[in-house]
$ cat upload_30.cif   # mmCIF, C-alpha atoms and all ligand atoms
data_protein
#
loop_
_atom_site.label_atom_id
_atom_site.label_comp_id
_atom_site.auth_asym_id
_atom_site.auth_seq_id
_atom_site.Cartn_x
_atom_site.Cartn_y
_atom_site.Cartn_z
CA MET A 1 45.01 157.61 -19.25
CA LYS A 2 46.86 160.37 -17.35
CA ARG A 3 45.58 161.79 -14.07
CA PRO A 4 47.54 164.99 -13.44
CA PHE A 5 44.49 166.64 -11.87
CA PHE A 6 44.14 163.98 -9.21
CA ILE A 7 47.83 164.13 -8.42
CA THR A 8 47.80 167.93 -8.09
CA LEU A 9 44.63 167.91 -6.01
CA TYR A 10 45.94 165.23 -3.76
CA MET A 11 49.30 166.92 -3.23
CA MET A 12 47.41 170.10 -2.25
CA ILE A 13 45.31 168.20 0.27
CA LEU A 14 48.46 166.56 1.63
CA ILE A 15 50.28 169.87 2.03
CA LEU A 16 47.27 171.51 3.70
CA THR A 17 46.93 168.61 6.09
CA LEU A 18 50.61 168.74 6.98
CA GLU A 19 50.50 172.49 7.52
CA ARG A 20 47.63 171.94 9.90
CA CYS A 21 49.59 169.21 11.70
CA LYS A 22 52.48 171.63 12.14
CA ASN A 23 50.22 174.30 13.60
CA GLU A 24 48.54 171.87 15.92
CA GLN A 25 51.66 170.24 17.32
CA LYS A 26 51.26 172.13 20.57
CA ASP A 27 47.74 170.77 21.04
CA THR A 28 48.94 167.26 20.26
CA HIS A 29 51.40 167.42 23.10
CA ASN A 30 48.58 168.33 25.47
CA THR A 31 46.31 165.61 24.05
CA SER A 32 48.81 162.88 24.78
CA ALA A 33 49.53 164.25 28.25
CA SER A 34 45.92 163.75 29.39
CA SER A 35 45.64 160.39 27.68
CA PRO A 36 42.48 158.28 27.59
CA PHE A 37 44.63 155.31 26.49
CA THR A 38 46.15 154.28 29.78
CA ASP A 39 43.98 151.16 29.94
CA VAL A 40 45.59 149.80 26.74
CA ALA A 41 49.16 151.15 27.01
CA SER A 42 51.20 151.94 30.09
CA GLU A 43 52.24 155.41 29.14
CA ILE A 44 55.48 157.16 30.02
CA LYS A 45 55.62 160.92 29.82
CA LEU A 46 57.89 162.43 27.17
CA SER A 47 59.62 165.78 27.50
CA LYS A 48 58.13 168.50 25.33
CA ASN A 49 61.16 168.43 22.99
CA ASP A 50 60.93 164.65 22.58
CA SER A 51 57.19 164.90 21.92
CA LEU A 52 57.76 167.46 19.19
CA PHE A 53 60.61 165.41 17.73
CA PHE A 54 58.46 162.29 17.42
CA VAL A 55 55.45 164.21 16.08
CA GLN A 56 57.71 165.61 13.37
CA GLU A 57 59.35 162.26 12.58
CA GLY A 58 55.96 160.50 12.52
CA THR A 59 54.37 163.15 10.32
CA LEU A 60 57.32 162.98 7.92
CA THR A 61 57.31 159.19 7.79
CA ALA A 62 53.54 159.04 7.17
CA LYS A 63 53.85 161.74 4.51
CA GLN A 64 56.62 159.88 2.70
CA LEU A 65 54.82 156.55 2.85
CA TYR A 66 51.59 158.12 1.66
CA ALA A 67 53.24 160.03 -1.19
CA GLY A 68 55.12 156.88 -2.22
CA ILE A 69 52.01 154.72 -2.26
CA LEU A 70 50.02 157.29 -4.20
CA ALA A 71 52.67 157.99 -6.82
CA ARG A 72 53.09 154.28 -7.48
CA LEU A 73 49.35 153.63 -7.38
CA ASN A 74 48.74 156.30 -10.00
CA LYS A 75 51.53 154.92 -12.16
CA ALA A 76 50.20 151.38 -11.82
CA LEU A 77 46.65 152.53 -12.63
CA ASP A 78 47.89 154.36 -15.72
CA GLU A 79 50.28 151.76 -17.00
CA GLN A 80 48.90 148.43 -15.89
CA GLY A 81 45.16 149.02 -15.44
CA PRO A 82 42.93 148.51 -12.41
CA TYR A 83 43.40 144.76 -11.96
CA GLU A 84 47.19 144.84 -11.67
CA SER A 85 47.17 148.03 -9.58
CA VAL A 86 44.90 146.44 -6.99
CA LYS A 87 47.40 143.59 -6.62
CA TYR A 88 50.28 146.05 -6.68
CA CYS A 89 48.78 148.09 -3.84
CA ASN A 90 49.02 145.02 -1.69
CA HIS A 91 52.64 144.15 -2.54
CA TYR A 92 53.99 147.67 -2.37
CA ALA A 93 52.49 148.42 1.05
CA LEU A 94 54.22 145.36 2.46
CA HIS A 95 57.54 146.13 0.74
CA ILE A 96 57.91 149.70 2.03
CA THR A 97 57.05 148.84 5.60
CA ASP A 98 59.62 146.03 5.48
CA SER A 99 62.43 148.27 4.32
CA LEU A 100 61.59 150.93 6.94
CA ALA A 101 61.79 148.32 9.65
CA LYS A 102 65.13 147.03 8.39
CA THR A 103 66.77 150.43 7.90
CA PHE A 104 65.48 152.42 10.88
CA GLY A 105 63.75 149.93 13.15
CA ILE A 106 60.47 151.78 12.47
CA LYS A 107 57.30 149.72 12.21
CA ALA A 108 54.65 151.30 10.02
CA LYS A 109 51.18 150.04 9.27
CA ARG A 110 47.84 151.23 7.93
CA THR A 111 44.85 149.96 9.80
CA SER A 112 41.10 150.54 9.87
CA LEU A 113 37.82 149.61 11.55
CA LYS A 114 36.57 148.43 8.12
CA LEU A 115 39.28 146.22 6.70
CA ARG A 116 40.07 145.15 3.20
CA ASN A 117 42.98 142.90 4.15
CA PRO A 118 42.50 141.13 7.50
CA LYS A 119 46.32 141.21 7.90
CA ASN A 120 46.00 144.96 8.57
CA ALA A 121 43.75 144.38 11.61
CA PRO A 122 44.20 146.83 14.52
CA ASP A 123 45.57 145.76 17.92
CA SER A 124 43.62 146.90 20.99
CA LEU A 125 45.41 150.26 21.27
CA GLU A 126 44.94 150.97 17.55
CA LYS A 127 41.25 150.07 17.84
CA THR A 128 40.79 152.58 20.67
CA ILE A 129 42.57 155.26 18.64
CA LEU A 130 40.48 154.47 15.54
CA GLU A 131 37.26 154.74 17.53
CA MET A 132 38.40 158.05 18.95
CA TYR A 133 39.17 159.50 15.50
CA GLN A 134 35.85 158.17 14.20
CA GLN A 135 34.05 160.12 16.93
CA THR A 136 36.04 163.34 16.87
CA MET A 137 37.05 163.47 13.16
CA SER A 138 40.21 165.15 14.47
CA LYS A 139 43.15 165.69 12.14
CA ASN A 140 45.69 165.90 15.00
CA PRO A 141 48.32 163.21 15.35
CA ILE A 142 48.67 161.40 18.69
CA ILE A 143 51.84 160.12 20.33
CA ILE A 144 52.04 157.58 23.12
CA SER A 145 55.31 156.70 24.76
CA THR A 146 55.70 153.27 26.37
CA LYS A 147 58.69 151.57 28.03
CA ASP A 148 60.25 150.33 24.76
CA SER A 149 58.79 152.49 22.04
CA VAL A 150 57.11 155.70 20.96
CA LYS A 151 53.89 155.21 19.02
CA PHE A 152 52.63 157.76 16.54
CA PHE A 153 49.12 157.76 15.05
CA THR A 154 47.64 159.99 12.40
CA PRO A 155 44.23 159.74 10.69
CA ILE A 156 43.75 158.87 7.01
CA TYR A 157 40.84 160.52 5.23
CA ILE A 158 39.27 159.63 1.88
CA ALA A 159 40.54 161.80 -1.00
CA PRO A 160 39.05 161.72 -4.54
CA ILE A 161 41.50 159.12 -5.87
CA CYS A 162 40.62 156.68 -3.05
CA LEU A 163 37.01 156.39 -4.26
CA HIS A 164 38.30 154.50 -7.29
CA CYS A 165 38.85 151.47 -5.03
CA HIS A 166 37.05 152.36 -1.77
CA GLY A 167 33.93 154.19 -3.05
CA ILE A 168 30.50 152.94 -4.10
CA PRO A 169 30.60 149.83 -6.36
CA ASN A 170 29.64 150.49 -9.98
CA LYS A 171 29.35 154.22 -9.30
CA ASP A 172 32.87 155.11 -8.10
CA ILE A 173 34.50 151.68 -8.43
CA PRO A 174 34.62 150.58 -12.09
CA ASP A 175 33.49 147.03 -12.93
CA VAL A 176 36.97 145.71 -13.70
CA THR A 177 38.35 146.99 -10.38
CA LEU A 178 35.38 145.50 -8.55
CA ILE A 179 36.09 142.08 -10.07
CA ALA A 180 39.74 142.26 -8.96
CA LEU A 181 38.80 143.41 -5.45
CA ASN A 182 36.18 140.70 -5.02
CA GLN A 183 38.63 138.02 -6.15
CA LEU A 184 41.52 139.14 -3.97
CA TYR A 185 39.53 140.23 -0.92
CA PRO A 186 36.37 138.10 -0.57
CA ASN A 187 35.61 139.62 2.86
CA ASP A 188 36.32 143.22 1.83
CA GLN A 189 34.65 145.74 4.16
CA ALA A 190 36.44 148.77 2.72
CA LYS A 191 33.96 149.84 0.04
CA ASN A 192 31.12 152.41 0.11
CA TYR A 193 33.23 155.20 1.55
CA GLU A 194 32.41 158.81 0.69
CA LEU A 195 34.74 161.73 0.14
CA TYR A 196 36.39 162.97 3.41
CA ASP A 197 35.18 159.96 5.42
CA ILE A 198 37.76 158.66 7.86
CA ARG A 199 39.31 155.57 6.30
CA GLY A 200 41.76 154.57 9.02
CA ILE A 201 45.05 155.52 10.63
CA TRP A 202 48.78 155.27 10.10
CA SER A 203 50.27 153.52 13.10
CA ILE A 204 54.03 154.11 13.31
CA THR A 205 56.18 152.69 16.09
CA PHE A 206 59.65 154.11 16.76
CA PRO A 207 62.14 152.23 18.92
CA LYS A 208 62.86 154.12 22.15
CA ASN A 209 66.48 154.73 21.10
CA TYR A 210 65.45 156.08 17.69
CA GLN A 211 66.28 159.63 18.60
CA SER A 212 69.84 158.88 19.66
CA LYS A 213 70.36 156.76 16.53
CA PHE A 214 69.17 159.69 14.48
CA HIS A 215 71.62 162.01 16.19
CA THR A 216 74.48 159.57 15.74
CA ILE A 217 73.86 159.29 12.01
CA HIS A 218 73.42 163.03 11.78
CA ASN A 219 76.68 163.74 13.62
CA LEU A 220 78.62 161.22 11.57
CA LYS A 221 77.53 162.98 8.39
CA ASN A 222 78.75 166.40 9.60
C1 LIG V 301 43.92 150.87 -7.00
C2 LIG V 301 43.05 150.65 -5.87
C3 LIG V 301 43.23 151.44 -4.62
C4 LIG V 301 43.23 152.80 -4.47
C5 LIG V 301 43.11 153.88 -5.55
C6 LIG V 301 43.34 153.05 -3.03
N1 LIG V 301 43.38 151.86 -2.36
FE1 LIG V 301 43.47 151.62 -0.34
N2 LIG V 301 43.63 149.66 -0.56
C7 LIG V 301 43.59 148.99 -1.78
C8 LIG V 301 43.94 147.60 -1.57
C9 LIG V 301 44.03 146.52 -2.64
C10 LIG V 301 44.17 147.46 -0.18
C11 LIG V 301 44.59 146.23 0.56
C12 LIG V 301 46.13 146.31 0.70
C13 LIG V 301 46.67 145.12 1.44
O1 LIG V 301 46.38 143.99 1.05
O2 LIG V 301 47.40 145.38 2.43
C14 LIG V 301 43.98 148.77 0.41
C15 LIG V 301 44.13 149.02 1.76
C16 LIG V 301 44.02 150.26 2.33
C17 LIG V 301 44.19 150.52 3.74
C18 LIG V 301 44.63 149.51 4.82
C19 LIG V 301 43.51 148.94 5.64
C20 LIG V 301 42.75 147.80 5.00
O3 LIG V 301 41.53 147.99 4.84
O4 LIG V 301 43.32 146.75 4.67
C21 LIG V 301 43.96 151.85 3.91
C22 LIG V 301 43.99 152.62 5.23
C23 LIG V 301 43.67 152.40 2.61
N3 LIG V 301 43.71 151.42 1.68
C24 LIG V 301 43.42 153.74 2.37
C25 LIG V 301 43.38 154.28 1.09
C26 LIG V 301 43.30 155.71 0.84
C27 LIG V 301 43.20 156.78 1.92
C28 LIG V 301 43.33 155.86 -0.51
C29 LIG V 301 43.37 157.15 -1.27
C30 LIG V 301 44.41 158.08 -0.93
C31 LIG V 301 43.40 154.54 -1.11
N4 LIG V 301 43.43 153.61 -0.10
C32 LIG V 301 43.40 154.30 -2.47
C33 LIG V 301 43.31 149.53 -3.00
C34 LIG V 301 43.32 150.88 -3.28
#
$ encode --input "upload_30.cif" --output "structure tokens" --more "lines below"
Ligand code: HEC
Amino acid sequence: MKRPFFITLYMMILILTLERCKNEQKDTHNTSASSPFTDVASEIKLSKNDSLFFVQEGTLTAKQLYAGILARLNKALDEQGPYESVKYCNHYALHITDSLAKTFGIKAKRTSLKLRNPKNAPDSLEKTILEMYQQTMSKNPIIISTKDSVKFFTPIYIAPICLHCHGIPNKDIPDVTLIALNQLYPNDQAKNYELYDIRGIWSITFPKNYQSKFHTIHNLKN
């Protein structure tokens, strides 16, 4: 069964969200400057240029990861059916984050207040950020700079395709998917979501020297 409509709709949502991120980058800089997170991370102020650089890199990384997961998820749903695609979702998420870490030293993770896989549990900073997004329903990314790293967070909202595995059992989640989910994730808390609910966040950590690495690679190419 093909799902071109879902793909098109999702890509539109993605593009709109990213456009909004771009327009709101100025606000994001201000948000992180007056940070409510100092109790969980000792924050170091970034210059405005560095802030913008990391917002752009984070947005791009999240976009690529998201697009990659969705494209493969759709393919797996079409070609292998719900049971295999549920398993696949698990393996693929781990694989991409591994290769990012190896190639660029970037750590990327999806986390939530209502977990499907306990391995994706938030640390204390991520929990604070999740609670904040839950309250504000903001779409703005957040950056926090610490001694060794720059952390980027951006919210993940429920799109139509997500309901297939995160919606209401037997209504949105088909029986066969439900069986697979219950087998693989006996303590699954990530069902019963509705469209546009906040599902979680991308948490992306860049090494502090990421920017200079980027410039080195860039200069070598020219
Ligand atoms: C084919 C089923 C399927 C679809 C469709 C799906 N997911 Fe998931 N989702 C899963 C599975 C399985 C996991 C657990 C992955 C793991 O083990 O790391 C998961 C985990 C997650 C997590 C990580 C946190 C956690 O609870 O472990 C987030 C965030 C998430 N999904 C968001 C989404 C969003 C947003 C969409 C729609 C764009 C979506 N998912 C579509 C099956 C699906």
$ closest_atom_pairs --input "upload_30.cif" --of "chain A" --to "ligand LIG 301 (chain V)" --cutoff "8 Å" --atoms "only C-alpha atoms and all ligand atoms" --output "JSON lines"
{"residue": "A:Tyr10", "atom": "CA", "partner": "V:LIG301", "partner_atom": "C30", "distance": 7.8}
{"residue": "A:Tyr66", "atom": "CA", "partner": "V:LIG301", "partner_atom": "C30", "distance": 7.6}
{"residue": "A:Leu70", "atom": "CA", "partner": "V:LIG301", "partner_atom": "C30", "distance": 6.5}
{"residue": "A:Leu73", "atom": "CA", "partner": "V:LIG301", "partner_atom": "C1", "distance": 6.1}
{"residue": "A:Asn74", "atom": "CA", "partner": "V:LIG301", "partner_atom": "C5", "distance": 7.6}
{"residue": "A:Ala76", "atom": "CA", "partner": "V:LIG301", "partner_atom": "C1", "distance": 7.9}
{"residue": "A:Leu77", "atom": "CA", "partner": "V:LIG301", "partner_atom": "C1", "distance": 6.5}
{"residue": "A:Pro82", "atom": "CA", "partner": "V:LIG301", "partner_atom": "C1", "distance": 6.0}
{"residue": "A:Tyr83", "atom": "CA", "partner": "V:LIG301", "partner_atom": "C1", "distance": 7.9}
{"residue": "A:Ser85", "atom": "CA", "partner": "V:LIG301", "partner_atom": "C1", "distance": 5.0}
{"residue": "A:Val86", "atom": "CA", "partner": "V:LIG301", "partner_atom": "C9", "distance": 4.4}
{"residue": "A:Lys87", "atom": "CA", "partner": "V:LIG301", "partner_atom": "C9", "distance": 6.0}
{"residue": "A:Tyr88", "atom": "CA", "partner": "V:LIG301", "partner_atom": "C9", "distance": 7.5}
{"residue": "A:Cys89", "atom": "CA", "partner": "V:LIG301", "partner_atom": "C9", "distance": 5.1}
{"residue": "A:Asn90", "atom": "CA", "partner": "V:LIG301", "partner_atom": "C13", "distance": 3.9}
{"residue": "A:His91", "atom": "CA", "partner": "V:LIG301", "partner_atom": "O1", "distance": 7.2}
{"residue": "A:Ala93", "atom": "CA", "partner": "V:LIG301", "partner_atom": "O2", "distance": 6.1}
{"residue": "A:Leu94", "atom": "CA", "partner": "V:LIG301", "partner_atom": "O2", "distance": 6.8}
{"residue": "A:Lys109", "atom": "CA", "partner": "V:LIG301", "partner_atom": "C18", "distance": 7.9}
{"residue": "A:Arg110", "atom": "CA", "partner": "V:LIG301", "partner_atom": "C18", "distance": 4.8}
{"residue": "A:Thr111", "atom": "CA", "partner": "V:LIG301", "partner_atom": "C19", "distance": 4.5}
{"residue": "A:Ser112", "atom": "CA", "partner": "V:LIG301", "partner_atom": "C19", "distance": 5.1}
{"residue": "A:Leu113", "atom": "CA", "partner": "V:LIG301", "partner_atom": "O3", "distance": 7.8}
{"residue": "A:Lys114", "atom": "CA", "partner": "V:LIG301", "partner_atom": "O3", "distance": 6.0}
{"residue": "A:Leu115", "atom": "CA", "partner": "V:LIG301", "partner_atom": "O3", "distance": 3.4}
{"residue": "A:Arg116", "atom": "CA", "partner": "V:LIG301", "partner_atom": "O3", "distance": 3.6}
{"residue": "A:Asn117", "atom": "CA", "partner": "V:LIG301", "partner_atom": "O4", "distance": 3.9}
{"residue": "A:Pro118", "atom": "CA", "partner": "V:LIG301", "partner_atom": "O4", "distance": 6.3}
{"residue": "A:Lys119", "atom": "CA", "partner": "V:LIG301", "partner_atom": "O2", "distance": 7.0}
{"residue": "A:Asn120", "atom": "CA", "partner": "V:LIG301", "partner_atom": "O4", "distance": 5.1}
{"residue": "A:Ala121", "atom": "CA", "partner": "V:LIG301", "partner_atom": "O4", "distance": 7.3}
{"residue": "A:Ile156", "atom": "CA", "partner": "V:LIG301", "partner_atom": "C27", "distance": 5.5}
{"residue": "A:Tyr157", "atom": "CA", "partner": "V:LIG301", "partner_atom": "C27", "distance": 5.5}
{"residue": "A:Ile158", "atom": "CA", "partner": "V:LIG301", "partner_atom": "C27", "distance": 4.9}
{"residue": "A:Ala159", "atom": "CA", "partner": "V:LIG301", "partner_atom": "C30", "distance": 5.4}
{"residue": "A:Pro160", "atom": "CA", "partner": "V:LIG301", "partner_atom": "C29", "distance": 7.1}
{"residue": "A:Ile161", "atom": "CA", "partner": "V:LIG301", "partner_atom": "C29", "distance": 5.3}
{"residue": "A:Cys162", "atom": "CA", "partner": "V:LIG301", "partner_atom": "C29", "distance": 3.3}
{"residue": "A:Leu163", "atom": "CA", "partner": "V:LIG301", "partner_atom": "C5", "distance": 6.7}
{"residue": "A:His164", "atom": "CA", "partner": "V:LIG301", "partner_atom": "C5", "distance": 5.2}
{"residue": "A:Cys165", "atom": "CA", "partner": "V:LIG301", "partner_atom": "C2", "distance": 4.4}
{"residue": "A:His166", "atom": "CA", "partner": "V:LIG301", "partner_atom": "N1", "distance": 6.4}
{"residue": "A:Thr177", "atom": "CA", "partner": "V:LIG301", "partner_atom": "C2", "distance": 7.5}
{"residue": "A:Leu181", "atom": "CA", "partner": "V:LIG301", "partner_atom": "C9", "distance": 6.7}
{"residue": "A:Leu184", "atom": "CA", "partner": "V:LIG301", "partner_atom": "C9", "distance": 7.9}
{"residue": "A:Tyr185", "atom": "CA", "partner": "V:LIG301", "partner_atom": "C9", "distance": 7.9}
{"residue": "A:Asp188", "atom": "CA", "partner": "V:LIG301", "partner_atom": "O3", "distance": 7.7}
{"residue": "A:Gln189", "atom": "CA", "partner": "V:LIG301", "partner_atom": "O3", "distance": 7.3}
{"residue": "A:Ala190", "atom": "CA", "partner": "V:LIG301", "partner_atom": "O3", "distance": 5.6}
{"residue": "A:Arg199", "atom": "CA", "partner": "V:LIG301", "partner_atom": "C22", "distance": 5.6}
{"residue": "A:Gly200", "atom": "CA", "partner": "V:LIG301", "partner_atom": "C22", "distance": 4.8}
{"residue": "A:Ile201", "atom": "CA", "partner": "V:LIG301", "partner_atom": "C22", "distance": 6.2}
{"residue": "A:Trp202", "atom": "CA", "partner": "V:LIG301", "partner_atom": "C22", "distance": 7.3}
$ residues_near_point --input "upload_30.cif" --point "(65.5, 152.2, 17.9)" --cutoff "8 Å" --atoms "only C-alpha atoms" --output "mmCIF file with C-alpha atoms, in the frame of the given file"
data_model
loop_
_atom_site.group_PDB
_atom_site.id
_atom_site.type_symbol
_atom_site.label_atom_id
_atom_site.label_comp_id
_atom_site.auth_asym_id
_atom_site.auth_seq_id
_atom_site.Cartn_x
_atom_site.Cartn_y
_atom_site.Cartn_z
ATOM 1 C CA PHE A 104 65.480 152.420 10.880
ATOM 2 C CA GLY A 105 63.750 149.930 13.150
ATOM 3 C CA ILE A 106 60.470 151.780 12.470
ATOM 4 C CA SER A 149 58.790 152.490 22.040
ATOM 5 C CA PHE A 206 59.650 154.110 16.760
ATOM 6 C CA PRO A 207 62.140 152.230 18.920
ATOM 7 C CA LYS A 208 62.860 154.120 22.150
ATOM 8 C CA ASN A 209 66.480 154.730 21.100
ATOM 9 C CA TYR A 210 65.450 156.080 17.690
ATOM 10 C CA GLN A 211 66.280 159.630 18.600
ATOM 11 C CA LYS A 213 70.360 156.760 16.530
#
$ atom_distance --input "upload_30.cif" --atom1 "CA of Ser203 in chain A" --atom2 "CA of Glu131 in chain A"
13.8 Å
$ atom_distance --input "upload_30.cif" --atom1 "CA of Glu57 in chain A" --atom2 "CA of Lys45 in chain A"
17.7 Å
$ atom_distance --input "upload_30.cif" --atom1 "CA of Met137 in chain A" --atom2 "CA of Asn187 in chain A"
26.0 Å
